[in-house]
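Visitor: As input, take query34.cif (mmCIF, C-alpha atoms and all ligand atoms):
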data_entry
#
loop_
_atom_site.label_atom_id
_atom_site.label_comp_id
_atom_site.auth_asym_id
_atom_site.auth_seq_id
_atom_site.Cartn_x
_atom_site.Cartn_y
_atom_site.Cartn_z
CA MET A 1 0.00 0.00 0.00
CA ALA A 2 1.42 3.40 -0.99
CA THR A 3 1.43 6.32 1.45
CA VAL A 4 1.08 9.86 0.14
CA GLY A 5 1.94 12.87 2.28
CA VAL A 6 0.01 16.04 1.53
CA LEU A 7 0.90 19.62 2.45
CA GLY A 8 -2.46 21.16 3.26
CA ALA A 9 -5.62 19.46 4.49
CA GLY A 10 -8.34 21.48 2.79
CA GLN A 11 -11.01 20.37 0.35
CA LEU A 12 -8.52 19.56 -2.40
CA GLY A 13 -6.74 17.18 -0.02
CA ARG A 14 -10.12 15.75 0.93
CA MET A 15 -11.05 14.94 -2.67
CA LEU A 16 -7.55 13.58 -3.32
CA ALA A 17 -7.95 11.27 -0.35
CA GLN A 18 -11.41 10.21 -1.51
CA ALA A 19 -9.79 8.96 -4.76
CA GLY A 20 -7.15 7.01 -2.82
CA PRO A 21 -8.72 3.92 -1.23
CA ALA A 22 -9.75 2.34 -4.55
CA MET A 23 -6.13 2.64 -5.63
CA GLY A 24 -4.75 1.28 -2.37
CA VAL A 25 -3.34 4.63 -1.28
CA ARG A 26 -3.13 5.91 2.30
CA PHE A 27 -2.75 9.55 3.30
CA ARG A 28 -1.03 11.74 5.81
CA PHE A 29 -1.66 15.50 5.94
CA LEU A 30 0.19 18.46 7.41
CA ASP A 31 -1.72 21.71 7.82
CA PRO A 32 -1.20 24.57 10.28
CA ALA A 33 -4.96 25.19 10.17
CA CYS A 34 -5.48 21.80 11.87
CA ALA A 35 -3.09 22.68 14.69
CA GLY A 36 -5.62 25.02 16.31
CA GLY A 37 -8.23 22.32 16.81
CA GLU A 38 -10.64 23.56 14.11
CA ARG A 39 -12.30 20.76 12.15
CA CYS A 40 -10.54 20.31 8.84
CA PRO A 41 -11.86 18.82 5.59
CA CYS A 42 -9.41 15.88 5.76
CA ASP A 43 -10.54 14.67 9.21
CA GLY A 44 -11.11 10.93 9.07
CA LEU A 45 -9.36 10.50 5.72
CA GLY A 46 -5.84 9.90 6.96
CA GLN A 47 -3.37 10.76 9.67
CA ILE A 48 -3.25 14.49 10.45
CA VAL A 49 0.11 15.91 11.53
CA PRO A 50 -0.54 19.21 13.27
CA GLY A 51 2.15 21.80 12.77
CA GLY A 52 3.36 24.71 10.68
CA PHE A 53 4.97 24.43 7.25
CA ASP A 54 8.16 25.80 8.85
CA ASP A 55 8.16 23.20 11.64
CA ARG A 56 11.00 20.82 10.72
CA ALA A 57 9.89 18.15 13.22
CA ALA A 58 6.37 18.19 11.73
CA LEU A 59 7.81 18.01 8.19
CA ASP A 60 9.91 15.02 9.31
CA ARG A 61 6.82 13.31 10.70
CA LEU A 62 4.97 13.95 7.43
CA ALA A 63 7.81 12.56 5.28
CA ASP A 64 8.65 9.55 7.45
CA GLY A 65 7.58 6.39 5.59
CA CYS A 66 5.80 8.27 2.77
CA ASP A 67 6.34 7.17 -0.83
CA VAL A 68 5.82 10.68 -2.13
CA VAL A 69 4.81 14.09 -0.79
CA THR A 70 2.54 16.44 -2.73
CA LEU A 71 0.63 19.64 -2.00
CA GLU A 72 -2.93 20.79 -2.15
CA PHE A 73 -2.21 24.36 -1.02
CA GLU A 74 -0.28 26.55 -3.40
CA ASN A 75 1.26 28.97 -0.94
CA VAL A 76 3.31 26.37 0.95
CA PRO A 77 6.74 27.99 1.51
CA VAL A 78 9.23 26.76 -1.10
CA GLU A 79 11.72 26.21 1.76
CA ALA A 80 9.43 23.47 3.13
CA ILE A 81 9.48 21.70 -0.25
CA GLU A 82 13.26 22.08 -0.48
CA TYR A 83 13.70 20.65 3.00
CA LEU A 84 11.38 17.72 2.28
CA SER A 85 13.10 17.04 -1.06
CA GLY A 86 16.21 16.00 0.86
CA ARG A 87 14.19 13.24 2.54
CA VAL A 88 11.49 12.07 0.15
CA THR A 89 10.30 12.49 -3.45
CA VAL A 90 8.20 15.68 -3.70
CA ARG A 91 5.88 16.18 -6.68
CA PRO A 92 5.48 18.75 -8.11
CA ALA A 93 9.01 19.91 -7.33
CA ALA A 94 10.25 23.17 -5.81
CA MET A 95 10.95 24.85 -9.16
CA ALA A 96 7.33 24.48 -10.28
CA LEU A 97 6.05 25.86 -7.00
CA ARG A 98 8.50 28.76 -7.00
CA THR A 99 7.33 29.74 -10.49
CA ALA A 100 3.62 29.41 -9.73
CA GLN A 101 3.91 31.46 -6.53
CA ASP A 102 5.35 34.53 -8.23
CA ARG A 103 3.31 36.13 -11.00
CA LEU A 104 6.45 37.62 -12.57
CA LEU A 105 8.26 34.27 -12.79
CA GLU A 106 5.06 32.76 -14.14
CA LYS A 107 4.88 35.33 -16.95
CA ARG A 108 8.58 34.74 -17.70
CA ALA A 109 7.91 31.00 -17.94
CA PHE A 110 5.06 31.72 -20.41
CA ALA A 111 7.47 33.82 -22.50
CA ALA A 112 10.16 31.10 -22.38
CA CYS A 113 7.60 28.58 -23.62
CA GLY A 114 6.24 30.82 -26.39
CA VAL A 115 2.85 30.96 -24.64
CA ALA A 116 0.89 34.14 -25.43
CA THR A 117 -0.02 36.32 -22.47
CA ASN A 118 -1.10 39.93 -21.88
CA ALA A 119 1.37 42.84 -21.56
CA THR A 120 2.98 43.00 -18.11
CA ALA A 121 5.61 44.96 -16.20
CA ALA A 122 7.06 44.56 -12.72
CA TRP A 123 7.18 47.37 -10.14
CA ASP A 124 8.79 47.27 -6.71
CA PRO A 125 7.87 50.03 -4.19
CA ALA A 126 11.14 49.44 -2.32
CA THR A 127 13.34 50.44 -5.24
CA GLN A 128 11.13 52.28 -7.74
CA SER A 129 9.27 55.58 -7.78
CA ARG A 130 5.58 56.21 -8.37
CA ASN A 131 6.52 57.88 -11.66
CA GLU A 132 8.08 54.60 -12.73
CA LEU A 133 4.80 52.90 -11.85
CA ARG A 134 2.90 55.47 -13.93
CA ALA A 135 5.28 54.73 -16.82
CA ALA A 136 4.72 50.98 -16.41
CA ILE A 137 0.95 51.51 -16.51
CA GLU A 138 1.26 53.57 -19.70
CA ALA A 139 3.53 50.89 -21.18
CA VAL A 140 1.08 48.02 -20.64
CA GLY A 141 -1.93 50.20 -21.49
CA ARG A 142 -4.94 51.44 -19.50
CA PRO A 143 -7.03 50.20 -17.87
CA ALA A 144 -4.40 48.17 -16.06
CA ILE A 145 -4.57 45.71 -13.19
CA LEU A 146 -2.07 45.81 -10.36
CA LYS A 147 -1.51 42.47 -8.64
CA THR A 148 0.73 41.54 -5.76
CA ARG A 149 3.40 39.29 -7.27
CA ARG A 150 2.96 36.74 -4.50
CA MET A 151 0.19 35.29 -2.30
CA GLY A 152 -2.76 36.35 -4.47
CA TYR A 153 -5.79 34.12 -4.91
CA ASP A 154 -9.49 34.46 -5.72
CA GLY A 155 -8.91 38.05 -6.90
CA LYS A 156 -7.31 39.12 -3.60
CA GLY A 157 -4.35 41.52 -3.75
CA GLN A 158 -5.57 43.10 -6.99
CA ALA A 159 -6.75 46.54 -8.05
CA ARG A 160 -7.86 47.96 -11.36
CA ILE A 161 -6.55 51.35 -12.44
CA ALA A 162 -8.14 53.41 -15.21
CA SER A 163 -6.16 56.65 -15.12
CA ALA A 164 -2.73 57.78 -13.97
CA SER A 165 -4.38 60.16 -11.47
CA GLU A 166 -5.65 57.16 -9.48
CA VAL A 167 -2.16 55.79 -8.79
CA ASP A 168 -1.81 57.21 -5.27
CA VAL A 169 -5.22 55.95 -4.12
CA VAL A 170 -4.82 52.51 -5.69
CA ILE A 171 -1.31 52.03 -4.29
CA GLY A 172 -2.69 52.85 -0.85
CA SER A 173 -5.19 49.98 -1.17
CA LEU A 174 -2.48 47.36 -1.78
CA PRO A 175 0.22 46.06 0.55
CA ARG A 176 3.69 47.61 0.07
CA VAL A 177 5.11 44.63 -1.80
CA PRO A 178 6.43 43.96 -5.33
CA LEU A 179 3.63 44.21 -7.89
CA LEU A 180 2.91 43.06 -11.38
CA VAL A 181 1.25 45.61 -13.67
CA GLU A 182 -0.94 43.91 -16.28
CA SER A 183 -3.01 45.12 -19.17
CA CYS A 184 -6.70 44.48 -18.62
CA VAL A 185 -7.97 41.90 -21.09
CA ALA A 186 -11.39 42.56 -22.64
CA PHE A 187 -11.93 38.82 -22.77
CA ARG A 188 -14.85 37.06 -24.38
CA ARG A 189 -14.77 34.44 -21.68
CA GLU A 190 -12.51 32.69 -19.19
CA LEU A 191 -11.38 29.16 -19.93
CA SER A 192 -9.04 26.73 -18.24
CA ILE A 193 -7.35 23.51 -19.11
CA VAL A 194 -6.43 20.88 -16.54
CA GLY A 195 -3.78 18.33 -17.45
CA ALA A 196 -1.61 15.70 -15.88
CA ARG A 197 2.04 14.93 -16.61
CA SER A 198 3.49 11.60 -15.53
CA SER A 199 6.97 10.96 -14.18
CA ALA A 200 7.78 9.46 -17.62
CA GLY A 201 6.94 12.82 -19.24
CA GLU A 202 3.64 11.71 -20.79
CA SER A 203 0.84 14.30 -20.59
CA ARG A 204 -2.93 14.16 -20.98
CA PHE A 205 -5.51 16.90 -20.95
CA TYR A 206 -9.15 17.30 -20.09
CA PRO A 207 -11.27 19.37 -22.45
CA LEU A 208 -11.20 23.14 -22.10
CA VAL A 209 -13.85 24.32 -19.65
CA GLU A 210 -15.63 27.68 -19.36
CA ASN A 211 -15.51 29.47 -16.01
CA THR A 212 -17.64 32.23 -14.53
CA HIS A 213 -16.47 34.20 -11.50
CA GLU A 214 -18.41 36.24 -8.95
CA ASN A 215 -16.47 38.75 -6.84
CA GLY A 216 -13.20 37.14 -8.02
CA ILE A 217 -14.31 33.65 -6.86
CA LEU A 218 -15.10 30.81 -9.27
CA ARG A 219 -18.86 30.28 -9.34
CA ARG A 220 -19.52 27.94 -12.26
CA THR A 221 -17.64 25.67 -14.64
CA VAL A 222 -19.16 24.29 -17.83
CA ALA A 223 -17.45 21.17 -19.13
CA PRO A 224 -16.64 20.83 -21.94
CA ALA A 225 -16.72 24.57 -22.77
CA PRO A 226 -19.24 25.20 -25.53
CA GLY A 227 -18.06 26.04 -29.05
CA VAL A 228 -14.45 24.91 -28.67
CA THR A 229 -12.88 24.04 -32.02
CA PRO A 230 -10.27 21.26 -32.24
CA SER A 231 -7.67 23.91 -33.03
CA LEU A 232 -8.51 25.93 -29.88
CA GLN A 233 -8.25 22.75 -27.76
CA ALA A 234 -4.95 21.89 -29.46
CA SER A 235 -3.59 25.36 -28.81
CA ALA A 236 -4.50 25.16 -25.08
CA GLU A 237 -2.90 21.71 -24.85
CA ARG A 238 0.24 22.94 -26.60
CA ALA A 239 0.55 25.83 -24.14
CA ALA A 240 -0.06 23.67 -21.04
CA ARG A 241 2.25 20.91 -22.27
CA SER A 242 5.12 23.26 -22.99
CA ILE A 243 4.81 24.83 -19.52
CA MET A 244 4.69 21.43 -17.80
CA ASP A 245 7.69 20.21 -19.83
CA HIS A 246 9.59 23.43 -19.06
CA LEU A 247 8.97 22.96 -15.31
CA ALA A 248 9.65 19.16 -15.46
CA TYR A 249 6.24 19.01 -13.83
CA VAL A 250 4.82 15.80 -12.35
CA GLY A 251 1.16 15.77 -11.30
CA VAL A 252 -1.98 17.68 -12.23
CA MET A 253 -1.67 21.34 -13.22
CA ALA A 254 -4.24 23.88 -14.34
CA LEU A 255 -3.69 26.70 -16.81
CA GLU A 256 -6.16 29.58 -16.59
CA LEU A 257 -6.76 31.36 -19.87
CA PHE A 258 -8.60 34.34 -21.31
CA GLU A 259 -10.26 33.85 -24.68
CA ASP A 260 -9.91 37.09 -26.58
CA GLN A 261 -12.58 38.65 -28.80
CA ASP A 262 -10.87 37.06 -31.83
CA ALA A 263 -10.76 33.58 -30.22
CA THR A 264 -7.07 33.63 -29.32
CA LEU A 265 -5.94 32.37 -25.95
CA LEU A 266 -3.92 34.42 -23.47
CA ALA A 267 -2.44 32.67 -20.44
CA ASN A 268 -3.40 34.21 -17.09
CA GLU A 269 -1.84 31.91 -14.50
CA ILE A 270 -1.03 28.34 -13.58
CA ALA A 271 -2.07 26.41 -10.50
CA PRO A 272 0.46 23.75 -9.46
CA ARG A 273 -2.18 21.39 -8.08
CA VAL A 274 -5.58 19.87 -8.64
CA HIS A 275 -7.95 22.72 -9.43
CA ASN A 276 -11.47 23.89 -8.71
CA THR A 277 -12.19 24.00 -12.47
CA GLY A 278 -11.42 20.25 -12.58
CA HIS A 279 -13.86 19.14 -9.86
CA TRP A 280 -16.41 18.13 -12.51
CA THR A 281 -14.04 15.30 -13.56
CA ILE A 282 -15.06 13.29 -10.46
CA GLU A 283 -18.38 12.42 -12.07
CA GLY A 284 -17.87 13.83 -15.56
CA ALA A 285 -14.69 12.20 -16.89
CA ILE A 286 -13.38 8.66 -17.23
CA THR A 287 -10.57 9.37 -14.76
CA SER A 288 -10.90 12.22 -12.26
CA GLN A 289 -8.19 14.87 -11.86
CA PHE A 290 -7.63 13.51 -8.34
CA GLU A 291 -6.96 9.96 -9.51
CA ASN A 292 -4.73 11.24 -12.29
CA HIS A 293 -2.75 13.34 -9.83
CA LEU A 294 -2.20 10.26 -7.66
CA ARG A 295 -1.28 8.15 -10.68
CA ALA A 296 1.24 10.77 -11.83
CA ILE A 297 2.96 11.34 -8.49
CA LEU A 298 3.11 7.59 -7.77
CA GLY A 299 4.80 6.91 -11.12
CA ARG A 300 1.81 5.08 -12.58
CA PRO A 301 0.37 5.45 -16.11
CA LEU A 302 -2.20 8.21 -16.53
CA GLY A 303 -5.90 7.47 -17.00
CA GLU A 304 -8.21 8.51 -19.83
CA THR A 305 -9.31 12.14 -19.65
CA ASP A 306 -12.35 11.97 -21.95
CA PRO A 307 -15.55 13.52 -20.63
CA VAL A 308 -18.61 11.38 -20.01
CA GLY A 309 -21.50 13.48 -21.27
CA HIS A 310 -21.72 17.13 -20.21
CA SER A 311 -21.22 18.60 -16.75
CA VAL A 312 -21.74 21.86 -14.93
CA MET A 313 -20.08 22.47 -11.57
CA VAL A 314 -21.57 25.10 -9.26
CA ASN A 315 -19.53 26.21 -6.24
CA LEU A 316 -21.26 26.65 -2.90
CA ILE A 317 -19.86 29.91 -1.54
CA GLY A 318 -20.89 30.63 2.04
CA GLU A 319 -24.17 28.78 1.46
CA ARG A 320 -25.55 25.35 2.27
CA PRO A 321 -28.53 24.26 0.20
CA ASP A 322 -30.61 21.41 1.50
CA ALA A 323 -29.04 18.15 0.31
CA ALA A 324 -32.43 16.56 -0.40
CA ASP A 325 -33.42 19.49 -2.65
CA VAL A 326 -30.15 19.26 -4.59
CA LEU A 327 -30.19 15.48 -4.91
CA ALA A 328 -33.77 15.55 -6.23
CA ILE A 329 -32.31 17.12 -9.40
CA PRO A 330 -31.41 14.34 -11.86
CA GLY A 331 -27.69 13.97 -12.49
CA ALA A 332 -26.72 16.03 -9.41
CA SER A 333 -23.86 15.12 -7.03
CA TYR A 334 -23.45 17.08 -3.81
CA HIS A 335 -19.96 17.59 -2.35
CA TRP A 336 -19.71 19.05 1.14
CA TYR A 337 -16.25 19.90 2.50
CA GLY A 338 -16.95 19.71 6.22
CA LYS A 339 -16.05 23.36 6.81
CA ALA A 340 -17.85 26.02 8.83
CA VAL A 341 -20.02 28.21 6.60
CA ARG A 342 -18.72 31.78 6.33
CA PRO A 343 -19.53 34.48 3.75
CA GLY A 344 -17.26 34.24 0.71
CA ARG A 345 -15.89 30.82 1.72
CA LYS A 346 -16.00 27.82 -0.63
CA VAL A 347 -17.73 25.16 1.45
CA GLY A 348 -18.86 22.66 -1.20
CA HIS A 349 -19.86 22.21 -4.79
CA VAL A 350 -22.54 20.53 -6.85
CA THR A 351 -21.82 18.84 -10.16
CA VAL A 352 -24.72 18.09 -12.47
CA ARG A 353 -24.35 15.84 -15.45
CA GLY A 354 -26.52 15.59 -18.52
CA GLU A 355 -26.45 13.78 -21.83
CA THR A 356 -26.42 17.07 -23.69
CA ALA A 357 -25.07 20.52 -22.87
CA GLU A 358 -28.64 21.83 -22.77
CA GLN A 359 -29.73 19.20 -20.28
CA ALA A 360 -26.74 19.81 -18.01
CA GLY A 361 -27.32 23.58 -18.24
CA GLU A 362 -30.99 23.27 -17.38
CA ARG A 363 -30.20 21.08 -14.36
CA ALA A 364 -27.50 23.53 -13.21
CA ALA A 365 -30.06 26.34 -13.43
CA ARG A 366 -32.22 24.35 -10.99
CA VAL A 367 -29.29 24.17 -8.55
CA GLU A 368 -28.71 27.90 -8.93
CA ALA A 369 -32.40 28.60 -8.33
CA LEU A 370 -32.07 26.80 -4.98
CA LEU A 371 -29.13 29.03 -4.08
CA ALA A 372 -30.90 32.22 -5.15
CA ARG A 373 -33.91 31.26 -3.00
CA ARG A 374 -31.91 31.28 0.20
P1 LIG A 401 -6.25 35.88 -10.94
O1 LIG A 401 -6.02 35.88 -9.47
O2 LIG A 401 -5.09 36.39 -11.75
O3 LIG A 401 -6.74 34.54 -11.44
O4 LIG A 401 -7.48 36.89 -11.20
C1 LIG A 401 -8.79 36.65 -10.70
C2 LIG A 401 -9.82 37.09 -11.73
O5 LIG A 401 -9.68 38.51 -12.02
C3 LIG A 401 -9.67 36.42 -13.09
O6 LIG A 401 -10.31 35.16 -13.10
C4 LIG A 401 -10.36 37.43 -13.98
O7 LIG A 401 -11.77 37.34 -13.87
C5 LIG A 401 -9.92 38.75 -13.40
N1 LIG A 401 -8.65 39.20 -14.04
C6 LIG A 401 -7.40 38.94 -13.61
N2 LIG A 401 -6.46 39.46 -14.42
C7 LIG A 401 -7.12 40.08 -15.41
C8 LIG A 401 -6.72 40.82 -16.57
N3 LIG A 401 -5.43 41.04 -16.84
N4 LIG A 401 -7.69 41.32 -17.37
C9 LIG A 401 -9.01 41.13 -17.09
N5 LIG A 401 -9.45 40.44 -16.01
C10 LIG A 401 -8.54 39.92 -15.17
#
Please re-express this file's structure in structure tokens.
Guide:
Amino acid sequence: MATVGVLGAGQLGRMLAQAGPAMGVRFRFLDPACAGGERCPCDGLGQIVPGGFDDRAALDRLADGCDVVTLEFENVPVEAIEYLSGRVTVRPAAMALRTAQDRLLEKRAFAACGVATNATAAWDPATQSRNELRAAIEAVGRPAILKTRRMGYDGKGQARIASASEVDVVIGSLPRVPLLVESCVAFRRELSIVGARSSAGESRFYPLVENTHENGILRRTVAPAPGVTPSLQASAERAARSIMDHLAYVGVMALELFEDQDATLLANEIAPRVHNTGHWTIEGAITSQFENHLRAILGRPLGETDPVGHSVMVNLIGERPDAADVLAIPGASYHWYGKAVRPGRKVGHVTVRGETAEQAGERAARVEALLARR
């Protein structure tokens, strides 16, 4: 029986662990959030090591006897991965994590791989003046978006800027840390592609999916995305494959993309882990992203990524619909993460499947009507 150590014990770890028993995999989790006694989504799914990511004794306990260590939380300090790498195989490796954690390194990786992205410039308040920031904004074009280079997620650490006169106010709203200045993309829609790369360098991709956000948080994923031509799918796969090859990546990775008005793809960011826009694969694909991540990190062959029918995934954000109401909708699966409900917090999701896109869409609308009613 293989043992997998996981940095983080949130819902992604929970769904990873739910894919494990059928494959004969056991789990051990390390998460500082579990050290305070709060219930965590991975309770009951494996051994929980309480402790911080900088706690060497806790990292030792996590690694001891594990076949491989992986992560389900993207902002694990790279130093923890480097320390663990001296004791156990860690997948994905430190280089991939370092790149994904810093928006500037991420954009450089896109450039090195020939992957199209929007215009960007870096600005550091410690060494550069506000006039230099104004110049960077003019260079990328207005409106621009300022993002903290590190630690951003779900639209946090971001501000839009429409005119140079707003610089002082906008800067005041962000922490005094290095920023990335990006042109604002007038996208037609947001897409993502989730793929897996094995330790042998083989990669497989799920179909492009279409994502809708509310207040910077993913609300809905439609899988497969409607109206995707084979050439658009091929172009997304080419981009994701070249990034994974460049990073010698092993495991599941997501690439978030903007589809431009003229149907070209621009890379936004990568996630070095299983991804919310891949949750539909649990019911909606031959092999789920979670199983494929386990297969990849354990050195096993990857599973088929073809979709089974059509799926729509709806996130539950600070809301808990009645399970009986949801499950009365044909094709619906209810996932609850075992977390306390708080406004703006992802606490579960519902995936609905249908034989056609229309049927899946109509069933998803019934789920959304339940949410709107509350
Ligand atoms: P991110 O944290 O980079 O994924 O950004 C969160 C969300 O903000 C994205 O899913 C988009 O909806 C929006 N966004 C981020 N960057 C841009 C951009 N350069 N242009 C337009 N919208 C953006």
Visitor: Using only C-alpha atoms and all ligand atoms, I'd like a table of the residues in chain A that come within 9 Å of ligand LIG 401 (chain A); for each, show the closest atom pair and its distance in Å rounded to one decimal, ordered by chain and ascending number, as a Markdown table.
Guide:
| residue | atom | partner | partner_atom | distance |
| --- | --- | --- | --- | --- |
| A:Arg103 | CA | A:LIG401 | O2 | 8.4 |
| A:Asn118 | CA | A:LIG401 | N3 | 6.7 |
| A:Ala119 | CA | A:LIG401 | N3 | 8.5 |
| A:Thr120 | CA | A:LIG401 | N3 | 8.7 |
| A:Pro143 | CA | A:LIG401 | N4 | 8.9 |
| A:Ala144 | CA | A:LIG401 | N3 | 7.2 |
| A:Ile145 | CA | A:LIG401 | N3 | 6.0 |
| A:Leu146 | CA | A:LIG401 | N3 | 8.7 |
| A:Lys147 | CA | A:LIG401 | O2 | 7.7 |
| A:Gly152 | CA | A:LIG401 | O1 | 6.0 |
| A:Tyr153 | CA | A:LIG401 | O1 | 4.9 |
| A:Asp154 | CA | A:LIG401 | O1 | 5.3 |
| A:Gly155 | CA | A:LIG401 | C1 | 4.1 |
| A:Lys156 | CA | A:LIG401 | O1 | 6.8 |
| A:Gly157 | CA | A:LIG401 | O1 | 8.2 |
| A:Gln158 | CA | A:LIG401 | O1 | 7.6 |
| A:Arg160 | CA | A:LIG401 | C7 | 8.9 |
| A:Val181 | CA | A:LIG401 | N3 | 8.7 |
| A:Glu182 | CA | A:LIG401 | N3 | 5.4 |
| A:Ser183 | CA | A:LIG401 | N3 | 5.3 |
| A:Cys184 | CA | A:LIG401 | N4 | 3.5 |
| A:Val185 | CA | A:LIG401 | N4 | 3.8 |
| A:Ala186 | CA | A:LIG401 | C9 | 6.2 |
| A:Phe187 | CA | A:LIG401 | C9 | 6.8 |
| A:Arg189 | CA | A:LIG401 | O7 | 8.9 |
| A:Glu190 | CA | A:LIG401 | O6 | 6.9 |
| A:Asn211 | CA | A:LIG401 | O6 | 8.2 |
| A:Thr212 | CA | A:LIG401 | O7 | 7.8 |
| A:His213 | CA | A:LIG401 | O7 | 6.1 |
| A:Glu214 | CA | A:LIG401 | O7 | 8.3 |
| A:Asn215 | CA | A:LIG401 | C2 | 8.4 |
| A:Gly216 | CA | A:LIG401 | C2 | 5.0 |
| A:Ile217 | CA | A:LIG401 | C1 | 7.4 |
| A:Leu218 | CA | A:LIG401 | O6 | 7.5 |
| A:Glu256 | CA | A:LIG401 | O3 | 7.2 |
| A:Leu257 | CA | A:LIG401 | O6 | 8.5 |
| A:Phe258 | CA | A:LIG401 | C9 | 8.0 |
| A:Asn268 | CA | A:LIG401 | O2 | 6.0 |
| A:Glu269 | CA | A:LIG401 | O2 | 6.2 |
| A:Ile270 | CA | A:LIG401 | O3 | 8.7 |
Visitor: Could you check the closest approach to Leu247 in chain A for each of A:Thr70, A:Thr99, A:Ser163, A:Gln233 and tell me which residue wins, using all atoms listed in the file?
Guide: A:Thr99
Visitor: Pick the closest to Ala328 in chain A from A:Gln18, A:Val352, A:Arg295, A:Ala340: which is it, counting all atoms listed in the file?
Guide: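 For Ala328 in chain A, the nearest of the given residues is A:Val352.
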Visitor: Taking all atoms listed in the file into account, which of A:Gly141, A:Pro301, A:Gly354, A:Pro77 comes nearest Asp54 in chain A?
Guide: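 Using all atoms listed in the file, Asp54 in chain A sits closest to A:Pro77.
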Visitor: Please report the interatomic distance between CA of Ala109 in chain A and CA of Ile243 in chain A in Å with one decimal.
Guide: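 According to the coordinates, CA of Ala109 in chain A and CA of Ile243 in chain A are separated by 7.1 Å.
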Visitor: Taking 3 positions as the minimum chain separation for residues in the same chain, which residues sit within 12 Å of Val177 in chain A when counting all atoms listed in the file? Answer as a VMD selection string.
Guide: chain A and resid 102 122 to 128 146 to 152 157 to 158 171 to 174 180
Visitor: From the list A:Leu133, A:Ala240, A:Val167, A:Gln101, which residue is nearest Ala116 in chain A when using only C-alpha atoms?
Guide: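 So, comparing all the options, the nearest one is A:Ala240.
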Visitor: Between CA of Lys339 in chain A and CA of Ala323 in chain A, measure the distance and give it in Å to one decimal.
Guide: 15.4 Å
Visitor: In terms of the shortest atom-to-atom distance over all atoms listed in the file, which of A:Ala267, A:Gly331, A:Gly65, A:Met313 is closest to Lys107 in chain A?
Guide: A:Ala267
